[in-house]
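To start, the structure under review is shown below, and the notes come after it.
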Amino acid sequence: MSQATHPFDLIIIGAGPAGLAAAIYTARAAVRTLVIDQSSAGGQVKTTHQVANYPGFIEPVPGYELAGNMKKQAEKYGTKFELAAEITAINLVGEEKWVKIDDETYTAKHVIIATGSSPRLLNVPGEQEFKGGGISYCATCDGEFYTGKDIIVVGGGNSAMEESLLLLQFVKSITVIHQFDTLQAEKITADKMIKNPKVNILWSHEPRGFDKKDDRIIVTAENLKTKELITLERDGVFIFVGMLPSVDLFRNTPLQLNEQGYIVTNEKMETNLEGVYAAGDVRDKKYRQITTAVGDGTIASLEIIQKI
Amino acid sequence: MLQTNLEHVTSKEQLQQIINSNEKVAVCCGRMGPMCIPVYDIFDVFREKYPDVKFMDMDFDIPDAAVIRSLPECRTFRGLPFTIYYCNGKVVKATTSIQDAKQVKDVISEVFS
C-alpha cells in the first residue's frame, strides 16, 4: 500500500476555538498549517445554541455560526483541514513530529494539541449498548421522547441540574442518582430541583449497570455508604457527569499529564516535549471558556511564529 | 432553521424518489438545530470521500418524517438524530443518537462495501 507524506510547519490537532485561533494566526504569518479533527470544525461551540459572552457580538450569536466563521477565517489565510479524520499513529518526539491518517503521513516540527474535552462516560455495563435506546446525554435532543415518563438523571453538578430543569417540562418524574450527600450545582439551581415535587434524589449512590426489560431501563445502583445494591426500573436515563480531557491519543506518548489527565503546560503553552504545545480545554488550567481557549491558541501560535 | 451543506429532504415523496434512483443513500433525520450538527458535518465531509453515497438530511419534526420515525428499525430509538442507510431502496442499517466519524465510517464500510 502506498504511503504519501505531506510536510507542514505546524500540525494542530483539534479544530475547536483554541485550534482555530492558533491556525488563524499561524496561517496568516505564512506558516504552513494543518488542522486535524476527528469530528468537524468548531469543538463544543458548534453545538452551543447561543454564545452571549464572546466579545464583539452585541447580540448572542449561534455557536455554529461563531465556529463556522472561525473556520472560514482560518481557511481564508490558507489553513488546510483534515476533518472527520481518525489518527492511527502519532509521534511527538524528535525534531520532526508526524501524524498518520489512514495511508497518509503528515509531518511538522511543531504540534499544537487542542483536542478539548468530552462528556465523561460512566463506563458501566449497558451504557454504550442502550445509548439512544433509553440512555441519553442530551435533554434538548431527547427530552421529548420521555413526555409523561419516569426517568433517572445521573449527576448533581450544574449541567445535570440545568438539564434536569429542562427535562421537568416533559417528564412525569425524575429520580436523581448522585454520588454525594449534597448537590454540587449552584444553590439557586439545586434548590429549584430539591423543591420540585416531581423530583426524588437518591444520595450517595452510583449506577453500576444498565439493562433493559421491554421498553424500560433497569438500573443497578450501589449505595456508596452501605455497599448495598438496589435496582430501579424507569423509562429512561440521562447521564451528566462532567467532562474529561480528550487525551486518549497521547496516553502512550511521553507527554506529561496531570492526575486528572489534563496536559501540563507553562505560560507559553509549551508542554514537556520540545515543539509540542497544548491549548484550550485539554490544558491544565482553572477557567475553561471560549475566550480562554482562543487566548491559549493565540499564545501558542505566537510562540511558534517566533521560532520559525 | 439550521442550514447545512447537505441536500435537504422536505417530503416523503422526495425521499422515496431519492432512494429509488440512488443505490446508496444515507439520511440523517434530526432537529435542524445545533445538537445534531456533529452528524450533519460528518456527512458533509464524507460527501467528498464517498462520492457514490448520497448523503442527505431531513427535519425530524415535519409530518412527512413519519416515514422514518415509524420504521420498524427505529421502534426502540429515543435519541436524535435517527440515521438511516438505504441500499437499493431498502433500509440496511439505522442508528440512533450522535455517532462520531469512526462510527459512521464503520457503518458505511459495513453496509455499502
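To be explicit about the labels: the chains of the C-alpha cells are called A, B, and onward in the order shown, and within each one the residues are counted from 1, while ligands get numbers from 1 in the order they are shown.
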
I'd like to know which residues of region 35-104 of chain B are strand (DSSP E or B) (by DSSP, run on the backbone); could you write them as a PDB file with N, CA, C and O atoms, in the first residue's frame?
```pdb
ATOM      1  N   VAL B  53     -22.067   7.649  -2.452  1.00  0.00           N
ATOM      2  CA  VAL B  53     -23.141   7.641  -1.452  1.00  0.00           C
ATOM      3  C   VAL B  53     -23.837   9.004  -1.461  1.00  0.00           C
ATOM      4  O   VAL B  53     -23.183  10.047  -1.481  1.00  0.00           O
ATOM      5  N   LYS B  54     -25.159   8.973  -1.463  1.00  0.00           N
ATOM      6  CA  LYS B  54     -25.940  10.218  -1.430  1.00  0.00           C
ATOM      7  C   LYS B  54     -26.227  10.540   0.042  1.00  0.00           C
ATOM      8  O   LYS B  54     -26.963   9.807   0.707  1.00  0.00           O
ATOM      9  N   PHE B  55     -25.607  11.606   0.544  1.00  0.00           N
ATOM     10  CA  PHE B  55     -25.799  11.998   1.947  1.00  0.00           C
ATOM     11  C   PHE B  55     -26.851  13.111   2.025  1.00  0.00           C
ATOM     12  O   PHE B  55     -26.718  14.135   1.346  1.00  0.00           O
ATOM     13  N   MET B  56     -27.860  12.932   2.855  1.00  0.00           N
ATOM     14  CA  MET B  56     -28.971  13.888   2.932  1.00  0.00           C
ATOM     15  C   MET B  56     -29.282  14.196   4.408  1.00  0.00           C
ATOM     16  O   MET B  56     -28.911  13.449   5.308  1.00  0.00           O
ATOM     17  N   ASP B  57     -30.036  15.273   4.619  1.00  0.00           N
ATOM     18  CA  ASP B  57     -30.612  15.471   5.947  1.00  0.00           C
ATOM     19  C   ASP B  57     -32.106  15.720   5.827  1.00  0.00           C
ATOM     20  O   ASP B  57     -32.625  16.028   4.750  1.00  0.00           O
ATOM     21  N   MET B  58     -32.821  15.547   6.956  1.00  0.00           N
ATOM     22  CA  MET B  58     -34.273  15.717   6.975  1.00  0.00           C
ATOM     23  C   MET B  58     -34.686  16.186   8.364  1.00  0.00           C
ATOM     24  O   MET B  58     -34.097  15.763   9.361  1.00  0.00           O
ATOM     25  N   ASP B  59     -35.676  17.049   8.402  1.00  0.00           N
ATOM     26  CA  ASP B  59     -36.166  17.569   9.686  1.00  0.00           C
ATOM     27  C   ASP B  59     -37.040  16.509  10.370  1.00  0.00           C
ATOM     28  O   ASP B  59     -38.061  16.089   9.813  1.00  0.00           O
ATOM     29  N   PHE B  82     -31.954  10.214  14.092  1.00  0.00           N
ATOM     30  CA  PHE B  82     -32.095   8.867  13.548  1.00  0.00           C
ATOM     31  C   PHE B  82     -31.357   8.898  12.199  1.00  0.00           C
ATOM     32  O   PHE B  82     -31.661   9.741  11.362  1.00  0.00           O
ATOM     33  N   THR B  83     -30.425   7.993  12.004  1.00  0.00           N
ATOM     34  CA  THR B  83     -29.665   7.985  10.745  1.00  0.00           C
ATOM     35  C   THR B  83     -29.947   6.666  10.023  1.00  0.00           C
ATOM     36  O   THR B  83     -29.718   5.588  10.593  1.00  0.00           O
ATOM     37  N   ILE B  84     -30.462   6.792   8.811  1.00  0.00           N
ATOM     38  CA  ILE B  84     -30.929   5.618   8.074  1.00  0.00           C
ATOM     39  C   ILE B  84     -30.076   5.440   6.820  1.00  0.00           C
ATOM     40  O   ILE B  84     -29.819   6.410   6.100  1.00  0.00           O
ATOM     41  N   TYR B  85     -29.656   4.218   6.601  1.00  0.00           N
ATOM     42  CA  TYR B  85     -28.856   3.882   5.420  1.00  0.00           C
ATOM     43  C   TYR B  85     -29.689   2.973   4.512  1.00  0.00           C
ATOM     44  O   TYR B  85     -30.210   1.948   4.969  1.00  0.00           O
ATOM     45  N   TYR B  86     -29.846   3.390   3.250  1.00  0.00           N
ATOM     46  CA  TYR B  86     -30.623   2.619   2.274  1.00  0.00           C
ATOM     47  C   TYR B  86     -29.689   2.084   1.197  1.00  0.00           C
ATOM     48  O   TYR B  86     -28.791   2.802   0.732  1.00  0.00           O
ATOM     49  N   CYS B  87     -29.896   0.849   0.801  1.00  0.00           N
ATOM     50  CA  CYS B  87     -29.147   0.278  -0.325  1.00  0.00           C
ATOM     51  C   CYS B  87     -30.158  -0.369  -1.265  1.00  0.00           C
ATOM     52  O   CYS B  87     -30.983  -1.189  -0.813  1.00  0.00           O
ATOM     53  N   LYS B  90     -33.750  -0.276  -0.023  1.00  0.00           N
ATOM     54  CA  LYS B  90     -34.140  -0.913   1.244  1.00  0.00           C
ATOM     55  C   LYS B  90     -33.288  -0.403   2.408  1.00  0.00           C
ATOM     56  O   LYS B  90     -32.109  -0.087   2.227  1.00  0.00           O
ATOM     57  N   VAL B  91     -33.899  -0.359   3.585  1.00  0.00           N
ATOM     58  CA  VAL B  91     -33.144   0.027   4.780  1.00  0.00           C
ATOM     59  C   VAL B  91     -32.173  -1.100   5.116  1.00  0.00           C
ATOM     60  O   VAL B  91     -32.586  -2.251   5.283  1.00  0.00           O
ATOM     61  N   VAL B  92     -30.882  -0.739   5.205  1.00  0.00           N
ATOM     62  CA  VAL B  92     -29.895  -1.770   5.550  1.00  0.00           C
ATOM     63  C   VAL B  92     -29.276  -1.517   6.934  1.00  0.00           C
ATOM     64  O   VAL B  92     -28.649  -2.408   7.499  1.00  0.00           O
ATOM     65  N   LYS B  93     -29.490  -0.322   7.455  1.00  0.00           N
ATOM     66  CA  LYS B  93     -28.948  -0.022   8.786  1.00  0.00           C
ATOM     67  C   LYS B  93     -29.620   1.244   9.316  1.00  0.00           C
ATOM     68  O   LYS B  93     -29.936   2.153   8.546  1.00  0.00           O
ATOM     69  N   ALA B  94     -29.835   1.288  10.607  1.00  0.00           N
ATOM     70  CA  ALA B  94     -30.367   2.507  11.232  1.00  0.00           C
ATOM     71  C   ALA B  94     -29.645   2.695  12.553  1.00  0.00           C
ATOM     72  O   ALA B  94     -29.420   1.727  13.289  1.00  0.00           O
ATOM     73  N   THR B  95     -29.240   3.926  12.831  1.00  0.00           N
ATOM     74  CA  THR B  95     -28.584   4.203  14.110  1.00  0.00           C
ATOM     75  C   THR B  95     -29.309   5.341  14.815  1.00  0.00           C
ATOM     76  O   THR B  95     -29.985   6.156  14.177  1.00  0.00           O
ATOM     77  N   THR B  96     -29.172   5.379  16.119  1.00  0.00           N
ATOM     78  CA  THR B  96     -29.823   6.421  16.920  1.00  0.00           C
ATOM     79  C   THR B  96     -28.778   7.215  17.689  1.00  0.00           C
ATOM     80  O   THR B  96     -27.728   6.663  18.040  1.00  0.00           O
TER      81      THR B  96
END
```

Pull out every residue of chain A sitting within 10 Å of chain B, counting only C-alpha atoms, and send them as an NGL selection string.
:A and (37-50 or 62-65 or 82-86 or 130-146 or 214-215 or 236)

Select from chain B everything DSSP, run on the backbone, classes as alpha helix (DSSP H), then give the selection as an mmCIF file with C-alpha atoms, in the first residue's frame.
```
data_model
loop_
_atom_site.group_PDB
_atom_site.id
_atom_site.type_symbol
_atom_site.label_atom_id
_atom_site.label_comp_id
_atom_site.auth_asym_id
_atom_site.auth_seq_id
_atom_site.Cartn_x
_atom_site.Cartn_y
_atom_site.Cartn_z
ATOM 1 C CA LYS B 12 -41.729 11.592 1.857
ATOM 2 C CA GLU B 13 -42.224 11.618 -1.910
ATOM 3 C CA GLN B 14 -38.826 13.276 -2.392
ATOM 4 C CA LEU B 15 -37.199 10.734 -0.094
ATOM 5 C CA GLN B 16 -38.798 7.844 -1.968
ATOM 6 C CA GLN B 17 -37.646 9.261 -5.278
ATOM 7 C CA ILE B 18 -34.076 9.608 -3.964
ATOM 8 C CA ILE B 19 -33.842 6.083 -2.573
ATOM 9 C CA ASN B 20 -35.376 4.701 -5.775
ATOM 10 C CA SER B 21 -32.902 6.461 -8.028
ATOM 11 C CA ILE B 37 -24.556 19.288 13.771
ATOM 12 C CA PRO B 38 -21.809 16.722 14.511
ATOM 13 C CA VAL B 39 -23.510 14.147 12.270
ATOM 14 C CA TYR B 40 -24.550 16.641 9.565
ATOM 15 C CA ASP B 41 -20.965 17.907 9.413
ATOM 16 C CA ILE B 42 -19.500 14.403 9.218
ATOM 17 C CA PHE B 43 -21.885 13.685 6.334
ATOM 18 C CA ASP B 44 -20.701 16.901 4.684
ATOM 19 C CA VAL B 45 -17.035 15.839 4.951
ATOM 20 C CA PHE B 46 -17.835 12.318 3.746
ATOM 21 C CA ARG B 47 -19.623 13.565 0.601
ATOM 22 C CA GLU B 48 -16.199 14.036 -0.966
ATOM 23 C CA LYS B 49 -14.757 10.840 0.451
ATOM 24 C CA ALA B 66 -43.066 9.838 9.939
ATOM 25 C CA VAL B 67 -41.762 7.737 7.055
ATOM 26 C CA ILE B 68 -38.535 7.496 9.070
ATOM 27 C CA ARG B 69 -39.916 7.800 12.613
ATOM 28 C CA ALA B 101 -16.906 9.910 12.306
ATOM 29 C CA LYS B 102 -15.439 6.477 13.001
ATOM 30 C CA GLN B 103 -18.863 5.006 13.751
ATOM 31 C CA VAL B 104 -20.337 6.483 10.553
ATOM 32 C CA LYS B 105 -17.322 5.261 8.568
ATOM 33 C CA ASP B 106 -17.692 1.767 10.030
ATOM 34 C CA VAL B 107 -21.384 1.655 9.077
ATOM 35 C CA ILE B 108 -20.597 2.807 5.536
ATOM 36 C CA SER B 109 -17.937 0.090 5.218
ATOM 37 C CA GLU B 110 -20.344 -2.481 6.644
ATOM 38 C CA VAL B 111 -23.387 -1.755 4.514
ATOM 39 C CA PHE B 112 -22.113 -0.145 1.326
#
```

Non-local contacts of region 240-249 of chain A (9 Å; only C-alpha atoms; under 6 positions in same chain excluded) as a ChimeraX atom specification:
/A:87-90,114-122,137-138,153-157,159-161,163,257,260-263,281-283

For N, CA, C and O atoms, I'd like the residues from the last selection saved as a short mmCIF file (atom, residue, chain, number, x, y, z; two decimals), in the first residue's frame.
```cif
data_model
loop_
_atom_site.label_atom_id
_atom_site.label_comp_id
_atom_site.auth_asym_id
_atom_site.auth_seq_id
_atom_site.Cartn_x
_atom_site.Cartn_y
_atom_site.Cartn_z
N ILE A 87 -6.87 9.59 13.56
CA ILE A 87 -5.41 9.47 13.67
C ILE A 87 -5.08 8.06 14.13
O ILE A 87 -5.54 7.62 15.18
N THR A 88 -4.28 7.36 13.31
CA THR A 88 -3.99 5.96 13.65
C THR A 88 -2.64 5.80 14.34
O THR A 88 -2.39 4.78 14.99
N ALA A 89 -1.75 6.77 14.19
CA ALA A 89 -0.45 6.72 14.88
C ALA A 89 0.09 8.14 14.98
O ALA A 89 -0.23 9.01 14.16
N ILE A 90 0.90 8.36 16.02
CA ILE A 90 1.42 9.71 16.23
C ILE A 90 2.80 9.64 16.86
O ILE A 90 3.08 8.76 17.68
N ALA A 114 -4.98 20.62 20.75
CA ALA A 114 -6.15 21.41 21.17
C ALA A 114 -7.39 20.53 21.06
O ALA A 114 -8.39 20.90 20.45
N THR A 115 -7.29 19.35 21.65
CA THR A 115 -8.34 18.34 21.48
C THR A 115 -9.53 18.54 22.41
O THR A 115 -10.52 17.81 22.31
N GLY A 116 -9.43 19.50 23.33
CA GLY A 116 -10.59 19.84 24.16
C GLY A 116 -10.97 18.75 25.14
O GLY A 116 -10.14 17.94 25.57
N SER A 117 -12.24 18.75 25.50
CA SER A 117 -12.74 17.74 26.43
C SER A 117 -14.06 17.20 25.91
O SER A 117 -14.67 17.78 25.01
N SER A 118 -14.46 16.09 26.47
CA SER A 118 -15.72 15.47 26.01
C SER A 118 -16.47 14.92 27.22
O SER A 118 -15.87 14.73 28.28
N PRO A 119 -17.79 14.68 27.05
CA PRO A 119 -18.56 14.22 28.20
C PRO A 119 -18.00 12.93 28.79
O PRO A 119 -17.63 12.01 28.06
N ARG A 120 -17.94 12.92 30.11
CA ARG A 120 -17.45 11.73 30.81
C ARG A 120 -18.52 10.62 30.72
O ARG A 120 -19.71 10.89 30.86
N LEU A 121 -18.08 9.42 30.46
CA LEU A 121 -19.00 8.28 30.47
C LEU A 121 -18.90 7.59 31.82
O LEU A 121 -17.90 7.72 32.53
N LEU A 122 -19.94 6.85 32.18
CA LEU A 122 -19.89 6.11 33.44
C LEU A 122 -19.04 4.85 33.28
O LEU A 122 -18.52 4.33 34.27
N TYR A 137 -27.61 11.59 26.64
CA TYR A 137 -26.70 12.58 27.21
C TYR A 137 -27.14 14.00 26.85
O TYR A 137 -26.39 14.93 27.07
N CYS A 138 -28.35 14.14 26.31
CA CYS A 138 -28.78 15.45 25.83
C CYS A 138 -30.28 15.66 26.06
O CYS A 138 -31.11 15.04 25.38
N VAL A 153 -31.91 10.79 36.33
CA VAL A 153 -30.79 11.64 35.93
C VAL A 153 -29.60 11.26 36.79
O VAL A 153 -29.72 11.18 38.02
N VAL A 154 -28.46 11.01 36.17
CA VAL A 154 -27.25 10.69 36.93
C VAL A 154 -26.37 11.94 36.95
O VAL A 154 -26.00 12.47 35.89
N GLY A 155 -26.03 12.40 38.16
CA GLY A 155 -25.18 13.58 38.31
C GLY A 155 -25.85 14.63 39.18
O GLY A 155 -27.08 14.65 39.29
N GLY A 156 -25.01 15.48 39.77
CA GLY A 156 -25.56 16.51 40.66
C GLY A 156 -24.88 17.86 40.49
O GLY A 156 -25.03 18.74 41.32
N GLY A 157 -24.16 18.01 39.40
CA GLY A 157 -23.48 19.27 39.13
C GLY A 157 -24.37 20.24 38.38
O GLY A 157 -25.57 19.97 38.18
N SER A 159 -24.49 21.15 35.17
CA SER A 159 -25.06 20.64 33.92
C SER A 159 -26.22 19.71 34.21
O SER A 159 -27.29 19.81 33.59
N ALA A 160 -26.02 18.80 35.15
CA ALA A 160 -27.05 17.81 35.46
C ALA A 160 -28.34 18.49 35.93
O ALA A 160 -29.44 18.13 35.51
N MET A 161 -28.19 19.50 36.78
CA MET A 161 -29.39 20.14 37.33
C MET A 161 -30.06 21.06 36.30
O MET A 161 -31.28 21.14 36.23
N GLU A 163 -29.98 20.67 33.04
CA GLU A 163 -30.63 19.78 32.07
C GLU A 163 -31.88 19.16 32.70
O GLU A 163 -32.89 18.98 32.02
N LEU A 257 0.92 14.58 31.66
CA LEU A 257 -0.47 14.88 32.02
C LEU A 257 -0.55 15.03 33.54
O LEU A 257 0.24 14.44 34.27
N GLN A 260 -5.60 14.41 36.68
CA GLN A 260 -6.93 14.32 36.05
C GLN A 260 -6.83 14.06 34.55
O GLN A 260 -7.85 13.93 33.88
N GLY A 261 -5.61 14.02 34.03
CA GLY A 261 -5.43 13.72 32.61
C GLY A 261 -5.27 14.95 31.74
O GLY A 261 -5.14 14.82 30.51
N TYR A 262 -5.28 16.14 32.34
CA TYR A 262 -5.08 17.35 31.54
C TYR A 262 -3.58 17.54 31.23
O TYR A 262 -2.72 17.16 32.04
N ILE A 263 -3.29 18.15 30.08
CA ILE A 263 -1.90 18.33 29.67
C ILE A 263 -1.27 19.49 30.44
O ILE A 263 -1.85 20.58 30.53
N ASP A 281 -9.26 23.64 26.34
CA ASP A 281 -9.80 22.87 27.46
C ASP A 281 -8.96 21.65 27.84
O ASP A 281 -9.12 21.12 28.94
N VAL A 282 -8.11 21.18 26.94
CA VAL A 282 -7.33 19.98 27.22
C VAL A 282 -6.15 20.29 28.15
O VAL A 282 -5.52 19.39 28.71
N ARG A 283 -5.90 21.57 28.36
CA ARG A 283 -4.75 22.01 29.14
C ARG A 283 -5.13 22.14 30.62
O ARG A 283 -6.27 22.47 30.93
#
```

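Using only C-alpha atoms for every distance, the candidate list A:Thr5, A:Gln179, A:Thr220, A:Thr231 yields A:Thr220 as the residue closest to Glu127 (chain A).
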
Record the distance separating CA of His110 (chain A) and CA of Asn272 (chain A), expressed in Å with one decimal.
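Result for CA of His110 (chain A) versus CA of Asn272 (chain A): 13.2 Å, one decimal.
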
So the first atom is CA of Ala190 (chain A) and the second is CA of Ala52 (chain A); what is the distance between them in Å, to one decimal place?
23.3 Å
